[in-house]
$ cat entry.cif   # mmCIF, C-alpha atoms (C1' of nucleotides)
data_upload
#
loop_
_atom_site.group_PDB
_atom_site.id
_atom_site.type_symbol
_atom_site.label_atom_id
_atom_site.label_comp_id
_atom_site.auth_asym_id
_atom_site.auth_seq_id
_atom_site.Cartn_x
_atom_site.Cartn_y
_atom_site.Cartn_z
ATOM 1 C CA MET A 27 78.869 90.918 81.289
ATOM 2 C CA ASN A 28 81.193 91.455 84.222
ATOM 3 C CA PRO A 29 80.813 95.094 85.364
ATOM 4 C CA ASP A 30 84.523 95.525 86.015
ATOM 5 C CA ALA A 31 85.283 94.724 82.413
ATOM 6 C CA LEU A 32 83.413 97.845 81.318
ATOM 7 C CA ARG A 33 85.730 100.019 83.378
ATOM 8 C CA GLY A 34 87.464 102.491 81.174
ATOM 9 C CA HIS A 35 85.417 101.613 78.119
ATOM 10 C CA MET A 36 82.190 103.299 79.117
ATOM 11 C CA ASP A 37 83.317 106.609 77.666
ATOM 12 C CA ALA A 38 83.982 105.054 74.287
ATOM 13 C CA LEU A 39 80.570 103.404 74.299
ATOM 14 C CA LEU A 40 78.719 106.589 75.164
ATOM 15 C CA LEU A 41 80.598 108.761 72.707
ATOM 16 C CA SER A 42 80.156 106.169 70.008
ATOM 17 C CA VAL A 43 76.429 105.935 70.464
ATOM 18 C CA LEU A 44 76.156 109.704 70.256
ATOM 19 C CA GLU A 45 78.188 109.952 67.088
ATOM 20 C CA ARG A 46 75.211 109.351 64.841
ATOM 21 C CA GLU A 47 72.815 111.749 66.486
ATOM 22 C CA PRO A 48 72.085 113.482 69.803
ATOM 23 C CA LEU A 49 70.211 111.335 72.300
ATOM 24 C CA HIS A 50 68.914 111.578 75.843
ATOM 25 C CA GLY A 51 70.049 109.252 78.614
ATOM 26 C CA TYR A 52 67.226 106.787 78.452
ATOM 27 C CA ALA A 53 67.535 106.474 74.689
ATOM 28 C CA ILE A 54 71.291 105.966 75.061
ATOM 29 C CA ILE A 55 70.688 102.993 77.318
ATOM 30 C CA GLU A 56 68.297 101.517 74.773
ATOM 31 C CA ALA A 57 70.715 102.178 71.936
ATOM 32 C CA LEU A 58 73.480 100.357 73.808
ATOM 33 C CA GLN A 59 71.191 97.381 74.283
ATOM 34 C CA GLU A 60 70.219 97.313 70.629
ATOM 35 C CA ARG A 61 73.683 97.702 69.221
ATOM 36 C CA SER A 62 75.070 95.038 71.522
ATOM 37 C CA GLY A 63 72.352 92.575 70.687
ATOM 38 C CA GLY A 64 70.972 92.793 74.204
ATOM 39 C CA ALA A 65 74.261 92.016 75.910
ATOM 40 C CA LEU A 66 74.808 95.490 77.318
ATOM 41 C CA ASN A 67 72.432 96.387 80.094
ATOM 42 C CA VAL A 68 73.901 99.497 81.611
ATOM 43 C CA PRO A 69 72.022 100.747 84.674
ATOM 44 C CA THR A 70 70.881 104.346 84.980
ATOM 45 C CA GLY A 71 73.125 104.803 87.981
ATOM 46 C CA THR A 72 76.049 104.286 85.647
ATOM 47 C CA VAL A 73 74.907 106.208 82.611
ATOM 48 C CA TYR A 74 73.637 109.440 84.107
ATOM 49 C CA PRO A 75 76.705 110.195 86.215
ATOM 50 C CA ALA A 76 78.937 109.211 83.293
ATOM 51 C CA LEU A 77 77.140 111.590 80.947
ATOM 52 C CA ARG A 78 77.542 114.428 83.405
ATOM 53 C CA ARG A 79 81.197 113.616 83.777
ATOM 54 C CA LEU A 80 81.692 113.660 80.018
ATOM 55 C CA GLU A 81 79.885 116.968 79.798
ATOM 56 C CA ARG A 82 82.025 118.408 82.568
ATOM 57 C CA ILE A 83 85.133 117.355 80.669
ATOM 58 C CA GLY A 84 83.782 118.986 77.547
ATOM 59 C CA TYR A 85 83.140 115.990 75.312
ATOM 60 C CA LEU A 86 79.377 116.471 75.458
ATOM 61 C CA SER A 87 76.934 119.336 75.658
ATOM 62 C CA SER A 88 73.328 119.034 76.759
ATOM 63 C CA GLU A 89 70.023 120.817 76.679
ATOM 64 C CA TRP A 90 66.595 120.147 78.087
ATOM 65 C CA ALA A 91 63.634 119.304 75.926
ATOM 66 C CA THR A 92 60.048 118.348 76.651
ATOM 67 C CA VAL A 93 58.521 115.622 74.552
ATOM 68 C CA GLY A 94 55.044 114.339 75.242
ATOM 69 C CA GLY A 95 54.992 115.988 78.642
ATOM 70 C CA ARG A 96 58.248 114.294 79.660
ATOM 71 C CA LYS A 97 61.467 116.119 80.219
ATOM 72 C CA ARG A 98 64.604 114.949 78.509
ATOM 73 C CA ARG A 99 68.146 116.091 78.714
ATOM 74 C CA THR A 100 69.576 115.598 75.273
ATOM 75 C CA TYR A 101 73.314 115.128 74.890
ATOM 76 C CA ARG A 102 75.329 115.807 71.787
ATOM 77 C CA LEU A 103 78.995 115.344 70.890
ATOM 78 C CA THR A 104 81.152 118.442 70.920
ATOM 79 C CA GLU A 105 84.044 118.854 68.523
ATOM 80 C CA SER A 106 86.330 117.859 71.365
ATOM 81 C CA GLY A 107 84.185 114.794 71.971
ATOM 82 C CA ARG A 108 84.395 113.789 68.345
ATOM 83 C CA LYS A 109 88.177 113.940 68.502
ATOM 84 C CA GLN A 110 88.123 111.982 71.726
ATOM 85 C CA LEU A 111 86.018 109.296 70.091
ATOM 86 C CA GLN A 112 88.710 108.822 67.480
ATOM 87 C CA GLY A 113 91.230 108.439 70.271
ATOM 88 C CA GLU A 114 88.988 105.981 72.095
ATOM 89 C CA ARG A 115 88.645 103.895 68.948
ATOM 90 C CA SER A 116 92.362 103.594 68.386
ATOM 91 C CA ALA A 117 92.908 102.964 72.098
ATOM 92 C CA TRP A 118 90.398 100.136 71.815
ATOM 93 C CA GLN A 119 92.289 98.642 68.883
ATOM 94 C CA GLU A 120 95.544 98.852 70.800
ATOM 95 C CA PHE A 121 93.933 97.420 73.912
ATOM 96 C CA THR A 122 92.352 94.383 72.276
ATOM 97 C CA SER A 123 95.494 93.738 70.296
ATOM 98 C CA VAL A 124 97.705 93.779 73.385
ATOM 99 C CA ILE A 125 95.485 91.731 75.671
ATOM 100 C CA GLY A 126 94.591 89.392 72.857
ATOM 101 C CA SER A 127 98.202 88.694 72.077
ATOM 102 C CA VAL A 128 98.858 87.695 75.680
ATOM 103 C CA LEU A 129 95.753 85.530 75.941
ATOM 104 C CA ARG A 130 96.499 83.762 72.679
ATOM 105 C CA SER A 131 100.064 82.857 73.595
ATOM 106 C CA GLU A 132 100.673 79.200 72.903
ATOM 107 C CA ALA A 133 100.032 77.047 75.910
ATOM 108 C CA SER A 134 103.272 75.153 75.389
ATOM 109 C CA ALA A 135 105.760 76.936 73.166
ATOM 110 C CA VAL A 136 108.816 75.164 74.473
ATOM 111 C CA ARG A 137 108.916 71.739 76.093
ATOM 112 C CA MET B 19 97.814 101.784 78.291
ATOM 113 C CA ASN B 20 95.094 103.364 80.389
ATOM 114 C CA PRO B 21 95.116 101.592 83.785
ATOM 115 C CA ASP B 22 91.335 101.519 84.044
ATOM 116 C CA ALA B 23 91.135 99.540 80.841
ATOM 117 C CA LEU B 24 92.906 96.627 82.529
ATOM 118 C CA ARG B 25 90.226 96.421 85.154
ATOM 119 C CA GLY B 26 88.703 93.006 85.212
ATOM 120 C CA HIS B 27 91.182 91.590 82.724
ATOM 121 C CA MET B 28 94.146 91.269 85.036
ATOM 122 C CA ASP B 29 93.058 87.810 86.159
ATOM 123 C CA ALA B 30 92.940 86.536 82.607
ATOM 124 C CA LEU B 31 96.409 87.918 81.911
ATOM 125 C CA LEU B 32 97.945 86.349 84.992
ATOM 126 C CA LEU B 33 96.318 82.976 84.534
ATOM 127 C CA SER B 34 97.251 82.968 80.876
ATOM 128 C CA VAL B 35 100.898 83.667 81.533
ATOM 129 C CA LEU B 36 100.999 80.837 84.048
ATOM 130 C CA GLU B 37 99.406 78.323 81.716
ATOM 131 C CA ARG B 38 102.682 77.345 80.094
ATOM 132 C CA GLU B 39 104.719 76.938 83.252
ATOM 133 C CA PRO B 40 104.888 78.063 86.881
ATOM 134 C CA LEU B 41 106.519 81.457 87.396
ATOM 135 C CA HIS B 42 107.311 83.826 90.246
ATOM 136 C CA GLY B 43 105.943 87.354 90.431
ATOM 137 C CA TYR B 44 108.885 89.188 88.985
ATOM 138 C CA ALA B 45 109.091 86.770 86.070
ATOM 139 C CA ILE B 46 105.363 87.158 85.481
ATOM 140 C CA ILE B 47 105.807 90.892 85.075
ATOM 141 C CA GLU B 48 108.592 90.309 82.582
ATOM 142 C CA ALA B 49 106.552 87.721 80.714
ATOM 143 C CA LEU B 50 103.664 90.168 80.391
ATOM 144 C CA GLN B 51 106.017 92.755 78.951
ATOM 145 C CA GLU B 52 107.479 90.310 76.476
ATOM 146 C CA ARG B 53 104.239 88.845 75.298
ATOM 147 C CA SER B 54 102.677 92.268 74.855
ATOM 148 C CA GLY B 55 105.607 93.601 72.898
ATOM 149 C CA GLY B 56 106.487 95.970 75.727
ATOM 150 C CA ALA B 57 103.030 97.540 75.943
ATOM 151 C CA LEU B 58 102.129 96.006 79.284
ATOM 152 C CA ASN B 59 104.041 97.445 82.197
ATOM 153 C CA VAL B 60 102.214 96.192 85.238
ATOM 154 C CA PRO B 61 103.568 97.560 88.532
ATOM 155 C CA THR B 62 104.454 95.265 91.412
ATOM 156 C CA GLY B 63 101.778 96.911 93.521
ATOM 157 C CA THR B 64 99.260 95.465 91.107
ATOM 158 C CA VAL B 65 100.727 92.043 90.478
ATOM 159 C CA TYR B 66 101.612 90.835 93.957
ATOM 160 C CA PRO B 67 98.255 91.560 95.561
ATOM 161 C CA ALA B 68 96.489 90.116 92.523
ATOM 162 C CA LEU B 69 98.474 86.882 92.760
ATOM 163 C CA ARG B 70 97.595 86.550 96.421
ATOM 164 C CA ARG B 71 93.968 87.149 95.633
ATOM 165 C CA LEU B 72 93.990 84.475 92.941
ATOM 166 C CA GLU B 73 95.626 82.049 95.327
ATOM 167 C CA ARG B 74 93.064 82.820 98.008
ATOM 168 C CA ILE B 75 90.306 82.082 95.518
ATOM 169 C CA GLY B 76 91.977 78.820 94.629
ATOM 170 C CA TYR B 77 93.084 79.449 91.054
ATOM 171 C CA LEU B 78 96.755 79.424 91.991
ATOM 172 C CA SER B 79 99.006 77.664 94.446
ATOM 173 C CA SER B 80 102.434 78.861 95.487
ATOM 174 C CA GLU B 81 105.624 77.730 97.098
ATOM 175 C CA TRP B 82 108.877 79.373 98.102
ATOM 176 C CA ALA B 83 112.145 78.659 96.390
ATOM 177 C CA THR B 84 115.648 80.041 96.721
ATOM 178 C CA VAL B 85 117.571 80.643 93.522
ATOM 179 C CA GLY B 86 120.990 82.235 93.584
ATOM 180 C CA GLY B 87 120.498 83.440 97.122
ATOM 181 C CA ARG B 88 117.225 85.172 96.250
ATOM 182 C CA LYS B 89 113.864 84.050 97.479
ATOM 183 C CA ARG B 90 111.046 83.526 95.055
ATOM 184 C CA ARG B 91 107.457 82.619 95.511
ATOM 185 C CA THR B 92 106.533 80.498 92.552
ATOM 186 C CA TYR B 93 102.913 80.351 91.456
ATOM 187 C CA ARG B 94 101.287 77.579 89.481
ATOM 188 C CA LEU B 95 97.818 77.080 88.037
ATOM 189 C CA THR B 96 95.515 74.755 89.931
ATOM 190 C CA GLU B 97 92.951 72.634 88.132
ATOM 191 C CA SER B 98 90.360 75.168 89.147
ATOM 192 C CA GLY B 99 92.559 77.925 87.731
ATOM 193 C CA ARG B 100 92.873 76.106 84.442
ATOM 194 C CA LYS B 101 89.123 75.884 84.152
ATOM 195 C CA GLN B 102 88.820 79.529 85.068
ATOM 196 C CA LEU B 103 91.264 80.443 82.327
ATOM 197 C CA GLN B 104 88.989 78.806 79.784
ATOM 198 C CA GLY B 105 86.130 80.885 81.161
ATOM 199 C CA GLU B 106 88.227 84.042 81.010
ATOM 200 C CA ARG B 107 89.104 83.366 77.410
ATOM 201 C CA SER B 108 85.516 82.969 76.292
ATOM 202 C CA ALA B 109 84.512 85.980 78.391
ATOM 203 C CA TRP B 110 87.170 87.947 76.553
ATOM 204 C CA GLN B 111 85.780 86.860 73.193
ATOM 205 C CA GLU B 112 82.302 87.866 74.253
ATOM 206 C CA PHE B 113 83.551 91.153 75.654
ATOM 207 C CA THR B 114 85.505 92.282 72.586
ATOM 208 C CA SER B 115 82.701 91.187 70.318
ATOM 209 C CA VAL B 116 80.096 93.186 72.226
ATOM 210 C CA ILE B 117 82.103 96.377 72.713
ATOM 211 C CA GLY B 118 83.501 96.127 69.214
ATOM 212 C CA SER B 119 80.068 95.888 67.680
ATOM 213 C CA VAL B 120 78.988 99.075 69.433
ATOM 214 C CA LEU B 121 82.141 100.975 68.532
ATOM 215 C CA ARG B 122 81.948 99.924 64.910
ATOM 216 C CA SER B 123 78.343 100.992 64.434
ATOM 217 C CA GLU B 124 78.001 103.099 61.323
ATOM 218 C CA ALA B 125 78.401 106.775 62.042
ATOM 219 C CA SER B 126 75.384 107.653 59.909
ATOM 220 C CA ALA B 127 73.051 104.757 59.269
ATOM 221 C CA VAL B 128 70.022 106.861 58.537
ATOM 222 C CA ARG B 129 70.047 110.358 57.100
ATOM 223 C "C1'" DA C 25 43.344 102.384 91.625
ATOM 224 C "C1'" DC C 26 47.103 100.121 89.821
ATOM 225 C "C1'" DC C 27 50.688 98.910 86.785
ATOM 226 C "C1'" DT C 28 54.145 99.552 83.250
ATOM 227 C "C1'" DA C 29 57.006 102.318 80.396
ATOM 228 C "C1'" DC C 30 59.319 106.527 80.158
ATOM 229 C "C1'" DA C 31 62.767 109.708 82.284
ATOM 230 C "C1'" DT C 32 66.293 111.706 85.450
ATOM 231 C "C1'" DA C 33 69.003 111.823 89.517
ATOM 232 C "C1'" DT C 34 71.865 110.924 93.794
ATOM 233 C "C1'" DA C 35 74.019 108.567 97.904
ATOM 234 C "C1'" DG C 36 76.816 105.220 99.325
ATOM 235 C "C1'" DA C 37 78.998 100.626 98.714
ATOM 236 C "C1'" DC C 38 82.511 98.136 96.536
ATOM 237 C "C1'" DA C 39 86.548 96.604 94.256
ATOM 238 C "C1'" DG C 40 90.591 96.663 91.938
ATOM 239 C "C1'" DC C 41 94.471 99.097 90.014
ATOM 240 C "C1'" DC C 42 97.767 102.547 91.169
ATOM 241 C "C1'" DT C 43 101.583 105.341 93.596
ATOM 242 C "C1'" DA C 44 104.773 105.339 96.965
ATOM 243 C "C1'" DC C 45 107.322 103.292 100.137
ATOM 244 C "C1'" DA C 46 109.866 99.594 102.738
ATOM 245 C "C1'" DT C 47 113.018 95.750 102.766
ATOM 246 C "C1'" DG C 48 116.591 92.827 101.274
ATOM 247 C "C1'" DT C 49 120.282 90.021 98.151
ATOM 248 C "C1'" DA C 50 123.715 89.667 94.283
ATOM 249 C "C1'" DG C 51 126.995 91.351 91.267
ATOM 250 C "C1'" DA C 52 129.511 94.945 88.759
ATOM 251 C "C1'" DC C 53 132.093 98.948 88.808
ATOM 252 C "C1'" DT C 54 134.922 102.649 90.924
ATOM 253 C "C1'" DA D 2 134.509 100.480 100.925
ATOM 254 C "C1'" DG D 3 130.900 102.600 98.698
ATOM 255 C "C1'" DT D 4 127.634 102.996 95.067
ATOM 256 C "C1'" DC D 5 124.644 101.483 91.605
ATOM 257 C "C1'" DT D 6 121.589 98.422 89.098
ATOM 258 C "C1'" DA D 7 118.970 94.315 88.603
ATOM 259 C "C1'" DC D 8 116.461 91.032 91.048
ATOM 260 C "C1'" DA D 9 112.634 90.059 94.281
ATOM 261 C "C1'" DT D 10 108.557 90.589 97.453
ATOM 262 C "C1'" DG D 11 105.354 93.096 99.959
ATOM 263 C "C1'" DT D 12 101.872 96.631 102.133
ATOM 264 C "C1'" DA D 13 99.248 101.033 103.048
ATOM 265 C "C1'" DG D 14 96.429 104.170 101.315
ATOM 266 C "C1'" DG D 15 94.415 106.784 97.457
ATOM 267 C "C1'" DC D 16 91.633 107.099 93.569
ATOM 268 C "C1'" DT D 17 87.862 106.475 90.562
ATOM 269 C "C1'" DG D 18 84.381 104.552 88.134
ATOM 270 C "C1'" DT D 19 80.675 101.142 88.173
ATOM 271 C "C1'" DC D 20 76.927 99.291 90.772
ATOM 272 C "C1'" DT D 21 72.782 98.851 93.958
ATOM 273 C "C1'" DA D 22 69.199 100.988 95.879
ATOM 274 C "C1'" DT D 23 66.286 104.567 96.291
ATOM 275 C "C1'" DA D 24 63.685 108.803 95.145
ATOM 276 C "C1'" DT D 25 60.763 111.474 92.173
ATOM 277 C "C1'" DG D 26 57.564 112.327 88.590
ATOM 278 C "C1'" DT D 27 54.614 111.946 83.937
ATOM 279 C "C1'" DA D 28 51.760 109.291 80.537
ATOM 280 C "C1'" DG D 29 48.835 105.793 79.181
ATOM 281 C "C1'" DG D 30 46.541 101.389 79.563
ATOM 282 C "C1'" DT D 31 43.428 98.152 82.212
#
$ encode --input "entry.cif" --output "structure tokens"
Amino acid sequence: MNPDALRGHMDALLLSVLEREPLHGYAIIEALQERSGGALNVPTGTVYPALRRLERIGYLSSEWATVGGRKRRTYRLTESGRKQLQGERSAWQEFTSVIGSVLRSEASAVR
Amino acid sequence: MNPDALRGHMDALLLSVLEREPLHGYAIIEALQERSGGALNVPTGTVYPALRRLERIGYLSSEWATVGGRKRRTYRLTESGRKQLQGERSAWQEFTSVIGSVLRSEASAVR
DNA sequence: ACCTACATATAGACAGCCTACATGTAGACT
DNA sequence: AGTCTACATGTAGGCTGTCTATATGTAGGT
């Protein structure tokens, strides 16, 4: 999966994966892999900064927890984040529809 | 349309619009608008550099023409570009399928 | 002692899309 | 003559988000 293609869709992915239940960063990465059938292998250097950015914006909130001696920062969707996820979903529909319509244009309409 | 969303898909759009027939930059911008139902408004500062990049890579070739006193640089797909377009199309399928599957995951599978 | 999985984090590189600007022709209207 | 819009190409520099690489540390297995 070309990294550049993810640009601008990372937020939707992260919010979506947190819709079901709060998760910590590492678990989010695993969830993305699972739900994508192994296609999505997002590096930690992408996910952790992105989560912080989303928290800064107000779409996520986080708190520390210790499980089995390991520290986790667990993120959960805020109300604002839930609304944003709706927006991201419809933006995704719009996006795929628009790009798709250009890519599917007949190769030789005239001639 | 969020600019970041286009990232990494611009090539596919440009190659696709040139599949039917050779076009110059300005006409490419218009074609993108038409085929997207007005949703795609790509600025010249995006298109012209992108076309040059694609030519440098070898997916496009270009030549100057003068029409009605105005100079145009007309771009056409090379063989290599045609192959690349096929690749872009299947990459797009893969991409939408993967992201879509994550975004469509049930909001509450368990519980 | 070593390795792997778990877990978070940051610095800096990289790339591509954008805004803003520069330049010029043609044709219509005043 | 002057002004405006559409046509037409191009570049410089900014922005921003993803990536690579690296650092740090715990737990558990061999």
$ interface_residues --input "entry.cif" --of "chain B" --to "chain C" --cutoff "12 Å" --atoms "only C-alpha atoms (C1' of nucleotides)" --output "PyMOL selection string"
chain B and resi 20-29+60-68+71+84-90
$ interface_residues --input "entry.cif" --of "chain B" --to "chain A" --cutoff "6 Å" --atoms "only C-alpha atoms" --output "list in words"
Asp22, Ala23, Arg25, Gly26, Ser34, Glu37, Arg38, Arg53, Ser54, Val116, Val120, Leu121, Ala125 and Ser126 of chain B
$ resolve_selection --input "entry.cif" --expression "the PyMOL selection byres ((chain D) within 12 of (chain B))" --output "NGL selection string"
:D and (7-14 or 16-19)
$ resolve_selection --input "entry.cif" --expression "the PyMOL selection byres ((chain B and resi 99) around 10)" --output "list in words"
Leu33, Ser34, Leu36, Glu37, Leu72, Glu73, Ile75, Gly76, Tyr77, Leu78, Ser79, Arg94, Leu95, Thr96, Glu97, Ser98, Arg100, Lys101, Gln102, Leu103, Gln104 and Gly105 of chain B
$ atom_distance --input "entry.cif" --atom1 "CA of Thr92 (chain B)" --atom2 "CA of Pro40 (chain B)"
6.4 Å
$ atom_distance --input "entry.cif" --atom1 "CA of Ile47 (chain B)" --atom2 "C1' of DG15 (chain D)"
23.1 Å
$ axis_aligned_box --input "entry.cif" --around "region 9-16 of chain D" --padding-each-side "4 Å" --output "AutoDock Vina command-line options"
--center_x 102.1 --center_y 98.6 --center_z 98.3 --size_x 29.0 --size_y 25.0 --size_z 17.5
$ atom_distance --input "entry.cif" --atom1 "CA of Tyr101 (chain A)" --atom2 "CA of Ser88 (chain A)"
4.3 Å
$ build_atoms --input "entry.cif" --residues "region 62-86 of chain A" --atoms "N, CA and C atoms" --output "short mmCIF file (atom, residue, chain, number, x, y, z; two decimals), keeping the file's coordinate frame"
data_model
loop_
_atom_site.label_atom_id
_atom_site.label_comp_id
_atom_site.auth_asym_id
_atom_site.auth_seq_id
_atom_site.Cartn_x
_atom_site.Cartn_y
_atom_site.Cartn_z
N SER A 62 74.28 96.14 70.96
CA SER A 62 75.07 95.04 71.52
C SER A 62 74.29 93.73 71.44
N GLY A 63 73.16 93.78 70.78
CA GLY A 63 72.35 92.58 70.69
C GLY A 63 71.80 92.13 72.03
N GLY A 64 71.57 93.10 72.91
CA GLY A 64 70.97 92.79 74.20
C GLY A 64 71.97 92.47 75.30
N ALA A 65 73.25 92.42 74.94
CA ALA A 65 74.26 92.02 75.91
C ALA A 65 74.58 93.12 76.91
N LEU A 66 74.41 94.35 76.48
CA LEU A 66 74.81 95.49 77.32
C LEU A 66 73.60 96.08 78.01
N ASN A 67 73.55 95.88 79.33
CA ASN A 67 72.43 96.39 80.09
C ASN A 67 72.96 97.36 81.14
N VAL A 68 73.25 98.55 80.72
CA VAL A 68 73.90 99.50 81.61
C VAL A 68 72.87 100.22 82.46
N PRO A 69 73.00 100.14 83.77
CA PRO A 69 72.02 100.75 84.67
C PRO A 69 72.07 102.27 84.65
N THR A 70 70.97 102.88 84.99
CA THR A 70 70.88 104.35 84.98
C THR A 70 71.90 104.97 85.92
N GLY A 71 72.16 104.29 87.01
CA GLY A 71 73.12 104.80 87.98
C GLY A 71 74.54 104.85 87.44
N THR A 72 74.76 104.21 86.32
CA THR A 72 76.05 104.29 85.65
C THR A 72 76.02 105.37 84.57
N VAL A 73 74.96 105.34 83.79
CA VAL A 73 74.91 106.21 82.61
C VAL A 73 74.78 107.69 82.96
N TYR A 74 73.85 108.02 83.84
CA TYR A 74 73.64 109.44 84.11
C TYR A 74 74.86 110.13 84.70
N PRO A 75 75.46 109.57 85.71
CA PRO A 75 76.70 110.20 86.22
C PRO A 75 77.79 110.27 85.15
N ALA A 76 77.90 109.24 84.33
CA ALA A 76 78.94 109.21 83.29
C ALA A 76 78.71 110.32 82.28
N LEU A 77 77.45 110.53 81.91
CA LEU A 77 77.14 111.59 80.95
C LEU A 77 77.51 112.96 81.51
N ARG A 78 77.20 113.16 82.78
CA ARG A 78 77.54 114.43 83.40
C ARG A 78 79.05 114.62 83.45
N ARG A 79 79.73 113.55 83.75
CA ARG A 79 81.20 113.62 83.78
C ARG A 79 81.75 114.00 82.41
N LEU A 80 81.22 113.37 81.37
CA LEU A 80 81.69 113.66 80.02
C LEU A 80 81.35 115.09 79.60
N GLU A 81 80.23 115.58 80.11
CA GLU A 81 79.89 116.97 79.80
C GLU A 81 80.84 117.91 80.53
N ARG A 82 81.13 117.58 81.77
CA ARG A 82 82.02 118.41 82.57
C ARG A 82 83.39 118.51 81.89
N ILE A 83 83.85 117.39 81.36
CA ILE A 83 85.13 117.36 80.67
C ILE A 83 85.09 118.16 79.37
N GLY A 84 83.91 118.20 78.77
CA GLY A 84 83.78 118.99 77.55
C GLY A 84 83.56 118.16 76.30
N TYR A 85 83.36 116.85 76.47
CA TYR A 85 83.14 115.99 75.31
C TYR A 85 81.68 116.02 74.87
N LEU A 86 80.80 116.41 75.77
CA LEU A 86 79.38 116.47 75.46
C LEU A 86 78.81 117.82 75.85
#
